[in-house]
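Participant: Structure below; questions to follow.
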Amino acid sequence: MARQIKISASSLNIRLHPHSPDIYISWLDKLYRKRLISQVYGDRYGMLSSLDRSKADEKVLSGIITTFVKFDKGGQWFNSSELKEATEDEVSKISIPVDLHWNPASFYFKFFAKSHRLYFQTYSEGKSITQLSALNFFKNLARDLEVIGEFGEAQISVVQDRASLDKMFKIDRIKEISITILKPNTDIFDDDFEQNIEAHLAQTRSREITVTYKADAGGSIDPDDDIKKISKVALDNGSVKVVGRDAKGAVKMNSEQFPEELHDKFDPDVTNERSAFLALLPPSPPIVE
(Lines give C-alpha, C1' and ligand atoms only; values in the text may rest on other atoms or scores of the structure.)
Protein backbone atom coordinates (compact mmCIF):
# COMPACT_ATOMS: atom_id res chain seq x y z
CA MET A 1 0.00 0.00 0.00
CA ALA A 2 1.27 3.49 -0.88
CA ARG A 3 2.50 5.61 2.01
CA GLN A 4 -0.14 8.08 3.17
CA ILE A 5 0.69 11.34 4.91
CA LYS A 6 -1.89 13.33 6.84
CA ILE A 7 -2.72 16.91 5.95
CA SER A 8 -4.85 19.22 8.07
CA ALA A 9 -5.97 22.85 8.12
CA SER A 10 -7.99 25.39 10.06
CA SER A 11 -8.92 29.01 9.41
CA LEU A 12 -8.96 32.51 10.84
CA ASN A 13 -11.48 35.26 10.21
CA ILE A 14 -9.66 38.60 9.82
CA ARG A 15 -11.67 41.81 9.98
CA LEU A 16 -10.56 45.31 9.02
CA HIS A 17 -12.80 48.34 8.96
CA PRO A 18 -13.98 49.41 6.45
CA HIS A 19 -14.31 46.16 4.50
CA SER A 20 -12.61 46.00 1.12
CA PRO A 21 -10.88 43.09 -0.62
CA ASP A 22 -8.17 45.48 -1.81
CA ILE A 23 -7.51 46.65 1.74
CA TYR A 24 -7.14 43.06 2.91
CA ILE A 25 -4.72 42.33 0.07
CA SER A 26 -2.65 45.39 0.94
CA TRP A 27 -2.72 44.53 4.65
CA LEU A 28 -1.31 41.02 4.18
CA ASP A 29 1.19 42.27 1.61
CA LYS A 30 2.39 44.85 4.15
CA LEU A 31 2.90 42.18 6.82
CA TYR A 32 5.01 40.21 4.36
CA ARG A 33 7.06 43.09 2.95
CA LYS A 34 8.00 44.32 6.42
CA ARG A 35 9.49 40.88 7.20
CA LEU A 36 7.95 41.06 10.64
CA ILE A 37 8.88 38.35 13.13
CA SER A 38 6.17 37.47 15.65
CA GLN A 39 6.02 35.18 18.67
CA VAL A 40 4.05 31.99 18.11
CA TYR A 41 4.45 30.53 21.60
CA GLY A 42 7.29 30.30 24.12
CA ASP A 43 10.64 30.69 22.38
CA ARG A 44 9.13 29.79 19.00
CA TYR A 45 8.63 32.67 16.59
CA GLY A 46 7.59 32.94 12.98
CA MET A 47 7.23 35.10 9.89
CA LEU A 48 5.53 35.13 6.51
CA SER A 49 8.41 33.70 4.46
CA SER A 50 6.66 33.56 1.07
CA LEU A 51 3.77 35.36 -0.61
CA ASP A 52 2.29 34.36 -3.97
CA ARG A 53 0.46 37.26 -5.64
CA SER A 54 -0.28 35.44 -8.91
CA LYS A 55 -4.03 35.40 -8.11
CA ALA A 56 -4.23 38.85 -6.55
CA ASP A 57 -6.60 39.94 -9.34
CA GLU A 58 -8.99 37.29 -8.03
CA LYS A 59 -8.44 38.68 -4.50
CA VAL A 60 -6.57 35.58 -3.37
CA LEU A 61 -3.09 35.37 -1.88
CA SER A 62 -1.16 32.31 -0.76
CA GLY A 63 2.18 31.67 0.86
CA ILE A 64 4.15 30.07 3.66
CA ILE A 65 4.39 30.66 7.39
CA THR A 66 7.80 29.61 8.72
CA THR A 67 8.25 29.11 12.45
CA PHE A 68 11.57 28.68 14.25
CA VAL A 69 13.30 28.90 17.62
CA LYS A 70 14.58 32.36 18.45
CA PHE A 71 17.41 32.44 20.96
CA ASP A 72 17.33 34.94 23.79
CA LYS A 73 20.64 36.80 23.53
CA GLY A 74 20.53 37.59 27.23
CA GLY A 75 19.65 34.04 28.24
CA GLN A 76 21.88 31.56 30.03
CA TRP A 77 23.64 28.56 28.44
CA PHE A 78 24.10 25.18 30.10
CA ASN A 79 27.17 22.95 29.89
CA SER A 80 25.85 19.38 30.00
CA SER A 81 29.28 17.77 30.45
CA GLU A 82 30.08 19.98 33.45
CA LEU A 83 26.48 19.91 34.73
CA LYS A 84 26.48 23.64 35.35
CA GLU A 85 25.81 26.94 33.64
CA ALA A 86 28.31 27.86 30.95
CA THR A 87 30.97 30.41 31.85
CA GLU A 88 31.29 33.80 30.17
CA ASP A 89 34.39 32.54 28.37
CA GLU A 90 32.51 29.55 26.94
CA VAL A 91 29.56 31.71 25.87
CA SER A 92 31.87 34.26 24.20
CA LYS A 93 32.92 31.55 21.72
CA ILE A 94 29.33 31.12 20.50
CA SER A 95 28.58 33.07 17.33
CA ILE A 96 25.19 32.72 15.61
CA PRO A 97 24.35 35.20 12.81
CA VAL A 98 21.26 37.25 13.71
CA ASP A 99 19.44 36.14 10.56
CA LEU A 100 19.88 32.42 11.21
CA HIS A 101 17.13 30.69 13.17
CA TRP A 102 17.08 27.13 14.45
CA ASN A 103 14.64 24.25 13.83
CA PRO A 104 12.33 25.77 11.18
CA ALA A 105 8.92 24.40 10.22
CA SER A 106 6.87 25.60 7.26
CA PHE A 107 3.09 25.73 6.87
CA TYR A 108 1.12 26.74 3.78
CA PHE A 109 -1.65 29.31 3.94
CA LYS A 110 -4.25 30.73 1.55
CA PHE A 111 -6.10 34.01 2.05
CA PHE A 112 -9.46 34.76 0.44
CA ALA A 113 -9.73 38.56 0.63
CA LYS A 114 -13.41 38.72 -0.39
CA SER A 115 -14.43 36.67 2.63
CA HIS A 116 -11.37 37.76 4.69
CA ARG A 117 -10.82 34.09 5.57
CA LEU A 118 -7.26 32.81 5.98
CA TYR A 119 -6.75 29.03 5.85
CA PHE A 120 -3.52 27.65 7.27
CA GLN A 121 -1.92 24.24 7.41
CA THR A 122 -1.79 22.89 10.96
CA TYR A 123 0.41 19.80 10.44
CA SER A 124 3.54 19.38 8.33
CA GLU A 125 6.20 16.66 8.42
CA GLY A 126 5.64 15.80 12.05
CA LYS A 127 5.45 19.43 13.20
CA SER A 128 2.30 21.33 14.01
CA ILE A 129 0.93 24.79 14.67
CA THR A 130 -2.24 24.96 16.72
CA GLN A 131 -5.18 27.23 16.01
CA LEU A 132 -4.37 29.29 19.11
CA SER A 133 -0.71 29.62 18.10
CA ALA A 134 -1.68 30.78 14.61
CA LEU A 135 -4.12 33.25 16.14
CA ASN A 136 -1.42 34.65 18.43
CA PHE A 137 1.03 34.82 15.52
CA PHE A 138 -1.23 36.94 13.31
CA LYS A 139 -2.46 39.07 16.21
CA ASN A 140 1.14 39.90 17.10
CA LEU A 141 1.96 40.74 13.46
CA ALA A 142 -1.10 42.98 13.24
CA ARG A 143 -0.02 44.98 16.33
CA ASP A 144 2.92 46.53 14.46
CA LEU A 145 2.48 50.29 14.93
CA GLU A 146 3.06 51.13 11.27
CA VAL A 147 0.50 48.52 10.20
CA ILE A 148 -2.07 49.83 12.70
CA GLY A 149 -1.39 53.38 11.57
CA GLU A 150 -2.15 52.50 7.96
CA PHE A 151 -4.94 49.94 8.31
CA GLY A 152 -6.30 50.28 11.83
CA GLU A 153 -6.54 47.47 14.35
CA ALA A 154 -7.38 44.07 12.86
CA GLN A 155 -9.87 41.88 14.72
CA ILE A 156 -8.86 38.24 14.29
CA SER A 157 -10.61 35.11 15.55
CA VAL A 158 -10.43 31.36 15.05
CA VAL A 159 -13.30 30.06 12.90
CA GLN A 160 -15.19 27.52 14.98
CA ASP A 161 -16.92 24.28 14.10
CA ARG A 162 -20.62 24.66 13.24
CA ALA A 163 -21.34 21.35 15.00
CA SER A 164 -20.17 22.84 18.30
CA LEU A 165 -23.49 24.66 18.73
CA ASP A 166 -25.41 21.38 18.65
CA LYS A 167 -23.20 20.02 21.44
CA MET A 168 -23.55 23.17 23.51
CA PHE A 169 -27.29 23.62 23.09
CA LYS A 170 -27.99 19.96 23.98
CA ILE A 171 -26.95 20.47 27.59
CA ASP A 172 -29.79 19.26 29.81
CA ARG A 173 -30.22 22.56 31.63
CA ILE A 174 -28.85 25.78 30.13
CA LYS A 175 -28.50 28.50 32.75
CA GLU A 176 -26.68 31.10 30.66
CA ILE A 177 -25.66 31.79 27.05
CA SER A 178 -23.15 34.56 26.26
CA ILE A 179 -22.59 35.50 22.63
CA THR A 180 -19.70 37.83 21.78
CA ILE A 181 -19.52 39.47 18.35
CA LEU A 182 -16.48 41.43 17.26
CA LYS A 183 -16.57 44.54 15.11
CA PRO A 184 -17.09 44.57 12.12
CA ASN A 185 -20.03 42.18 12.16
CA THR A 186 -22.93 41.01 10.03
CA ASP A 187 -26.72 41.28 9.97
CA ILE A 188 -28.30 39.54 12.92
CA PHE A 189 -31.90 40.30 13.83
CA ASP A 190 -33.00 42.65 11.02
CA ASP A 191 -31.81 44.58 8.00
CA ASP A 192 -30.80 47.61 10.07
CA PHE A 193 -28.96 45.69 12.78
CA GLU A 194 -25.53 45.91 11.17
CA GLN A 195 -25.69 49.67 10.63
CA ASN A 196 -27.12 50.27 14.09
CA ILE A 197 -24.56 48.17 15.94
CA GLU A 198 -21.65 49.42 13.83
CA ALA A 199 -22.62 53.02 14.58
CA HIS A 200 -23.06 52.21 18.27
CA LEU A 201 -19.67 50.49 18.53
CA ALA A 202 -17.97 53.33 16.67
CA GLN A 203 -19.66 55.99 18.78
CA THR A 204 -18.69 54.30 22.02
CA ARG A 205 -15.21 53.41 20.75
CA SER A 206 -15.88 49.74 21.43
CA ARG A 207 -14.54 46.71 19.65
CA GLU A 208 -17.16 44.10 20.53
CA ILE A 209 -20.61 43.49 21.92
CA THR A 210 -21.77 40.63 24.13
CA VAL A 211 -25.37 39.43 24.31
CA THR A 212 -26.14 37.39 27.44
CA TYR A 213 -29.23 35.29 28.09
CA LYS A 214 -29.95 34.08 31.63
CA ALA A 215 -32.56 31.49 32.48
CA ASP A 216 -35.42 32.09 34.91
CA ALA A 217 -34.78 30.74 38.40
CA GLY A 218 -34.84 26.95 38.22
CA GLY A 219 -35.47 27.04 34.48
CA SER A 220 -33.52 26.35 31.31
CA ILE A 221 -32.97 28.51 28.21
CA ASP A 222 -34.55 27.18 25.03
CA PRO A 223 -32.36 28.46 22.17
CA ASP A 224 -34.74 29.81 19.52
CA ASP A 225 -34.01 30.71 15.90
CA ASP A 226 -32.69 34.18 16.80
CA ILE A 227 -30.25 32.81 19.38
CA LYS A 228 -29.08 30.16 16.93
CA LYS A 229 -28.73 32.75 14.17
CA ILE A 230 -26.49 35.14 16.10
CA SER A 231 -24.59 32.18 17.57
CA LYS A 232 -23.69 31.02 14.05
CA VAL A 233 -22.45 34.53 13.29
CA ALA A 234 -20.28 34.40 16.42
CA LEU A 235 -18.58 31.20 15.23
CA ASP A 236 -16.90 33.34 12.56
CA ASN A 237 -16.83 36.65 14.39
CA GLY A 238 -16.45 35.94 18.09
CA SER A 239 -17.46 33.14 20.45
CA VAL A 240 -20.35 31.47 22.26
CA LYS A 241 -20.22 30.42 25.90
CA VAL A 242 -22.77 28.19 27.63
CA VAL A 243 -23.11 27.51 31.35
CA GLY A 244 -25.43 24.82 32.61
CA ARG A 245 -25.81 21.40 34.16
CA ASP A 246 -26.17 17.83 32.99
CA ALA A 247 -26.45 14.48 34.74
CA LYS A 248 -22.81 14.68 35.84
CA GLY A 249 -22.97 18.19 37.30
CA ALA A 250 -21.94 21.71 36.27
CA VAL A 251 -20.97 22.29 32.63
CA LYS A 252 -19.10 25.18 31.02
CA MET A 253 -18.51 25.13 27.27
CA ASN A 254 -16.95 27.63 24.88
CA SER A 255 -17.17 27.41 21.10
CA GLU A 256 -13.46 28.33 20.98
CA GLN A 257 -12.83 24.79 22.26
CA PHE A 258 -14.08 23.50 18.90
CA PRO A 259 -12.13 25.06 16.02
CA GLU A 260 -13.13 24.21 12.48
CA GLU A 261 -10.75 21.51 11.23
CA LEU A 262 -10.18 20.00 7.79
CA HIS A 263 -8.41 16.64 7.47
CA ASP A 264 -7.23 14.31 4.70
CA LYS A 265 -4.32 12.10 3.62
CA PHE A 266 -2.22 12.16 0.48
CA ASP A 267 0.34 10.01 -1.33
CA PRO A 268 3.60 12.02 -1.61
CA ASP A 269 4.57 9.99 -4.68
CA VAL A 270 1.50 11.31 -6.47
CA THR A 271 0.73 14.70 -4.89
CA ASN A 272 2.97 17.29 -3.29
CA GLU A 273 2.12 18.79 0.09
CA ARG A 274 1.08 22.18 -1.26
CA SER A 275 -1.41 20.63 -3.70
CA ALA A 276 -2.79 18.41 -0.94
CA PHE A 277 -3.29 21.46 1.28
CA LEU A 278 -5.06 23.44 -1.43
CA ALA A 279 -7.29 20.46 -2.22
CA LEU A 280 -8.56 20.55 1.38
CA LEU A 281 -9.95 24.06 1.06
CA PRO A 282 -13.33 25.20 -0.28
CA PRO A 283 -13.08 26.87 -3.71
CA SER A 284 -14.64 30.03 -2.31
CA PRO A 285 -15.52 30.43 1.39
CA PRO A 286 -18.81 32.09 2.29
CA ILE A 287 -18.58 35.86 2.65
CA VAL A 288 -19.18 36.87 6.26
CA GLU A 289 -18.97 40.62 6.71
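Each chain in the C-alpha coordinates gets a letter, A, B and so on, in the order shown; residues start at 1 in every chain, and ligands are counted from 1 in the order they appear.
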If you run DSSP on this backbone, which residues of segment 85-226 of chain A come out as alpha helix (DSSP H), and could you give them as a PyMOL selection string?

Facilitator: chain A and resi 88-92+131-142+145-151+163-169+193-203+225-226

Participant: Can you pull out every residue from segment 214-281 of chain A that DSSP, working from the backbone, puts in strand (DSSP E), and format the result as a list in words?

Facilitator: Lys214, Gly238, Ser239, Val240, Lys241, Val242, Val243, Gly244, Arg245, Asp246, Gly249, Ala250, Val251, Lys252, Met253, Asn254, Leu262, His263, Asp264, Lys265 and Phe266 of chain A

Participant: Those residues with all heavy atoms, as a short mmCIF file (atom, residue, chain, number, x, y, z; two decimals), in the first residue's frame please?

Facilitator:
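Okay, this is what ended up in result.cif:
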```cif
data_model
loop_
_atom_site.label_atom_id
_atom_site.label_comp_id
_atom_site.auth_asym_id
_atom_site.auth_seq_id
_atom_site.Cartn_x
_atom_site.Cartn_y
_atom_site.Cartn_z
N LYS A 214 -29.97 34.81 30.36
CA LYS A 214 -29.95 34.08 31.63
C LYS A 214 -31.33 33.47 31.88
O LYS A 214 -32.35 34.13 31.70
CB LYS A 214 -29.58 35.03 32.77
CG LYS A 214 -28.15 35.55 32.68
CD LYS A 214 -27.75 36.34 33.92
CE LYS A 214 -26.29 36.78 33.82
NZ LYS A 214 -25.84 37.53 35.02
N GLY A 238 -16.48 35.80 16.64
CA GLY A 238 -16.45 35.94 18.09
C GLY A 238 -16.46 34.59 18.78
O GLY A 238 -15.69 33.70 18.44
N SER A 239 -17.39 34.41 19.72
CA SER A 239 -17.46 33.14 20.45
C SER A 239 -18.80 33.00 21.14
O SER A 239 -19.53 33.99 21.34
CB SER A 239 -16.33 33.04 21.48
OG SER A 239 -16.46 34.05 22.47
N VAL A 240 -19.13 31.78 21.52
CA VAL A 240 -20.35 31.47 22.26
C VAL A 240 -19.96 30.68 23.50
O VAL A 240 -19.21 29.71 23.41
CB VAL A 240 -21.34 30.64 21.41
CG1 VAL A 240 -22.61 30.35 22.20
CG2 VAL A 240 -21.66 31.34 20.10
N LYS A 241 -20.47 31.12 24.65
CA LYS A 241 -20.22 30.42 25.90
C LYS A 241 -21.54 29.97 26.51
O LYS A 241 -22.51 30.73 26.50
CB LYS A 241 -19.48 31.32 26.89
CG LYS A 241 -18.12 31.79 26.41
CD LYS A 241 -17.48 32.74 27.41
CE LYS A 241 -16.14 33.26 26.90
NZ LYS A 241 -15.51 34.21 27.85
N VAL A 242 -21.56 28.75 27.01
CA VAL A 242 -22.77 28.19 27.63
C VAL A 242 -22.42 27.66 29.02
O VAL A 242 -21.42 26.96 29.19
CB VAL A 242 -23.36 27.06 26.76
CG1 VAL A 242 -24.51 26.37 27.50
CG2 VAL A 242 -23.86 27.60 25.42
N VAL A 243 -23.25 28.01 29.98
CA VAL A 243 -23.11 27.51 31.35
C VAL A 243 -24.39 26.77 31.70
O VAL A 243 -25.50 27.27 31.46
CB VAL A 243 -22.89 28.67 32.34
CG1 VAL A 243 -22.81 28.14 33.78
CG2 VAL A 243 -21.62 29.45 32.00
N GLY A 244 -24.24 25.59 32.26
CA GLY A 244 -25.43 24.82 32.61
C GLY A 244 -25.11 23.61 33.45
O GLY A 244 -24.07 23.56 34.11
N ARG A 245 -25.99 22.63 33.40
CA ARG A 245 -25.81 21.40 34.16
C ARG A 245 -26.30 20.22 33.34
O ARG A 245 -27.25 20.35 32.55
CB ARG A 245 -26.57 21.44 35.49
CG ARG A 245 -26.12 22.51 36.47
CD ARG A 245 -26.80 22.33 37.83
NE ARG A 245 -26.37 21.12 38.51
CZ ARG A 245 -25.26 21.05 39.25
NH1 ARG A 245 -24.48 22.10 39.39
NH2 ARG A 245 -24.95 19.92 39.86
N ASP A 246 -25.67 19.08 33.55
CA ASP A 246 -26.17 17.83 32.99
C ASP A 246 -26.18 16.78 34.10
O ASP A 246 -26.05 17.13 35.29
CB ASP A 246 -25.33 17.38 31.79
CG ASP A 246 -23.87 17.09 32.14
OD1 ASP A 246 -23.55 17.00 33.35
OD2 ASP A 246 -23.06 16.96 31.21
N GLY A 249 -23.23 17.00 36.51
CA GLY A 249 -22.97 18.19 37.30
C GLY A 249 -22.83 19.43 36.44
O GLY A 249 -23.37 19.51 35.32
N ALA A 250 -22.10 20.42 36.95
CA ALA A 250 -21.94 21.71 36.27
C ALA A 250 -21.18 21.55 34.95
O ALA A 250 -20.25 20.75 34.86
CB ALA A 250 -21.23 22.70 37.18
N VAL A 251 -21.59 22.34 33.95
CA VAL A 251 -20.97 22.29 32.63
C VAL A 251 -20.69 23.71 32.16
O VAL A 251 -21.53 24.60 32.27
CB VAL A 251 -21.88 21.60 31.60
CG1 VAL A 251 -21.25 21.64 30.21
CG2 VAL A 251 -22.16 20.17 32.01
N LYS A 252 -19.47 23.93 31.67
CA LYS A 252 -19.10 25.18 31.02
C LYS A 252 -18.48 24.84 29.68
O LYS A 252 -17.52 24.08 29.62
CB LYS A 252 -18.12 25.98 31.88
CG LYS A 252 -18.69 26.55 33.15
CD LYS A 252 -17.66 27.41 33.89
CE LYS A 252 -18.24 28.00 35.15
NZ LYS A 252 -17.24 28.84 35.87
N MET A 253 -19.03 25.40 28.62
CA MET A 253 -18.51 25.13 27.27
C MET A 253 -18.31 26.44 26.52
O MET A 253 -19.07 27.39 26.69
CB MET A 253 -19.46 24.21 26.49
CG MET A 253 -19.68 22.86 27.14
SD MET A 253 -20.81 21.79 26.18
CE MET A 253 -19.74 21.35 24.82
N ASN A 254 -17.27 26.46 25.69
CA ASN A 254 -16.95 27.63 24.88
C ASN A 254 -16.71 27.16 23.46
O ASN A 254 -15.97 26.19 23.24
CB ASN A 254 -15.70 28.32 25.44
CG ASN A 254 -15.42 29.65 24.79
OD1 ASN A 254 -15.67 29.85 23.61
ND2 ASN A 254 -14.89 30.59 25.56
N LEU A 262 -10.09 20.74 9.05
CA LEU A 262 -10.18 20.00 7.79
C LEU A 262 -9.06 18.96 7.78
O LEU A 262 -7.91 19.29 8.09
CB LEU A 262 -10.04 20.95 6.60
CG LEU A 262 -10.99 22.14 6.57
CD1 LEU A 262 -10.62 23.08 5.42
CD2 LEU A 262 -12.43 21.68 6.43
N HIS A 263 -9.39 17.72 7.42
CA HIS A 263 -8.41 16.64 7.47
C HIS A 263 -8.47 15.80 6.19
O HIS A 263 -9.52 15.62 5.58
CB HIS A 263 -8.68 15.70 8.65
CG HIS A 263 -8.58 16.36 9.99
ND1 HIS A 263 -7.38 16.59 10.63
CD2 HIS A 263 -9.54 16.84 10.82
CE1 HIS A 263 -7.62 17.18 11.79
NE2 HIS A 263 -8.92 17.35 11.92
N ASP A 264 -7.30 15.26 5.81
CA ASP A 264 -7.23 14.31 4.70
C ASP A 264 -5.87 13.65 4.75
O ASP A 264 -5.04 13.95 5.61
CB ASP A 264 -7.45 15.02 3.36
CG ASP A 264 -7.91 14.06 2.27
OD1 ASP A 264 -7.99 12.84 2.55
OD2 ASP A 264 -8.18 14.51 1.16
N LYS A 265 -5.62 12.73 3.80
CA LYS A 265 -4.32 12.10 3.62
C LYS A 265 -3.95 12.15 2.15
O LYS A 265 -4.83 12.22 1.29
CB LYS A 265 -4.35 10.65 4.12
CG LYS A 265 -4.51 10.50 5.63
CD LYS A 265 -4.44 9.05 6.05
CE LYS A 265 -4.55 8.92 7.57
NZ LYS A 265 -4.48 7.51 8.01
N PHE A 266 -2.64 12.14 1.88
CA PHE A 266 -2.22 12.16 0.48
C PHE A 266 -0.99 11.27 0.28
O PHE A 266 -0.24 10.99 1.23
CB PHE A 266 -1.92 13.59 0.03
CG PHE A 266 -0.69 14.21 0.65
CD1 PHE A 266 0.53 14.21 -0.02
CD2 PHE A 266 -0.75 14.80 1.92
CE1 PHE A 266 1.66 14.78 0.56
CE2 PHE A 266 0.37 15.37 2.50
CZ PHE A 266 1.58 15.36 1.81
#
```

Participant: Can you list, as a PyMOL selection string, every protein, DNA or RNA residue that comes within 12 Å of Thr180 of chain A when you count only C-alpha atoms, leaving out same-chain residues fewer than 5 positions away?

Facilitator: chain A and resi 157+185+207-213+227+230-242+254-256

Participant: Any idea what the distance is between atom CA of Ser275 of chain A and atom CA of Gln39 of chain A?

Facilitator: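 About the pair atom CA of Ser275 of chain A and atom CA of Gln39 of chain A: they are 27.7 Å apart.
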
Participant: Of the residues A:Asp57, A:Lys6, A:Leu278, A:Asn79, which is the one nearest to Lys127 of chain A, using only C-alpha atoms?

Facilitator: A:Lys6

Participant: Which one of A:Arg173, A:His101, A:Lys228, A:Lys139 sits closest to Asp72 of chain A if you count only C-alpha atoms?

Facilitator: A:His101

Participant: Compile the contact shell of Ser128 of chain A as a PyMOL selection string: residues with an atom at most 12 Å away, counting only C-alpha atoms, same-chain residues fewer than 2 positions apart removed.

Facilitator: chain A and resi 6-10+40+44+65-68+104-108+120-126+130-134

Participant: For atom CA of Glu176 of chain A and atom CA of Ala215 of chain A, determine how far apart the two atoms are, in Å to one decimal place.

Facilitator: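 Going from atom CA of Glu176 of chain A over to atom CA of Ala215 of chain A covers 6.2 Å.
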
Participant: If we count only C-alpha atoms and set the cut-off at 6 Å, which residues sit around Asp161 of chain A, ignoring sequence neighbours fewer than 5 positions away in its own chain? Please answer as a list in words.

Facilitator: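 Returned residues: Phe258, Pro259 and Glu260 of chain A.
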
Participant: Set the distance at 7 Å and use only C-alpha atoms: which residues neighbour Ser11 of chain A once local chain neighbours fewer than 4 positions away are removed? I'd like the list as a ChimeraX atom specification.

Facilitator: /A:117-120,158-159

Participant: Which residues come within 8 Å of Ala142 of chain A, counting only C-alpha atoms, excluding same-chain residues fewer than 2 positions away, as a list of chain:residue names?

Facilitator: A:Leu31, A:Phe138, A:Lys139, A:Asn140, A:Asp144, A:Val147, A:Ile148, A:Glu153, A:Ala154

Participant: Restricting the calculation to only C-alpha atoms: of A:Ser115, A:Thr271, A:Ser220, A:Ser284, which residue gets closest to Asp172 of chain A?

Facilitator: A:Ser220

Participant: Between A:Gln160, A:Gln155, A:Asp222, A:Ile14, which has the minimum distance to Ser206 of chain A (counting only C-alpha atoms)?

Facilitator: A:Gln155

Participant: Report, in Å to a single decimal, how far apart atom CA of Glu261 of chain A and atom CA of Ala163 of chain A are.

Facilitator: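 So the answer is 11.2 Å.
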
Participant: Which one is closest to Val98 of chain A: A:Lys167, A:His116, A:Leu281, A:Phe71? Count only C-alpha atoms.

Facilitator: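 Smallest distance to Val98 of chain A is found for A:Phe71.
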
Participant: Can you work out which one of A:Trp77, A:Trp102, A:Phe169, A:Phe111 has the shortest atom-to-atom distance to Pro223 of chain A, counting only C-alpha atoms?

Facilitator: A:Phe169
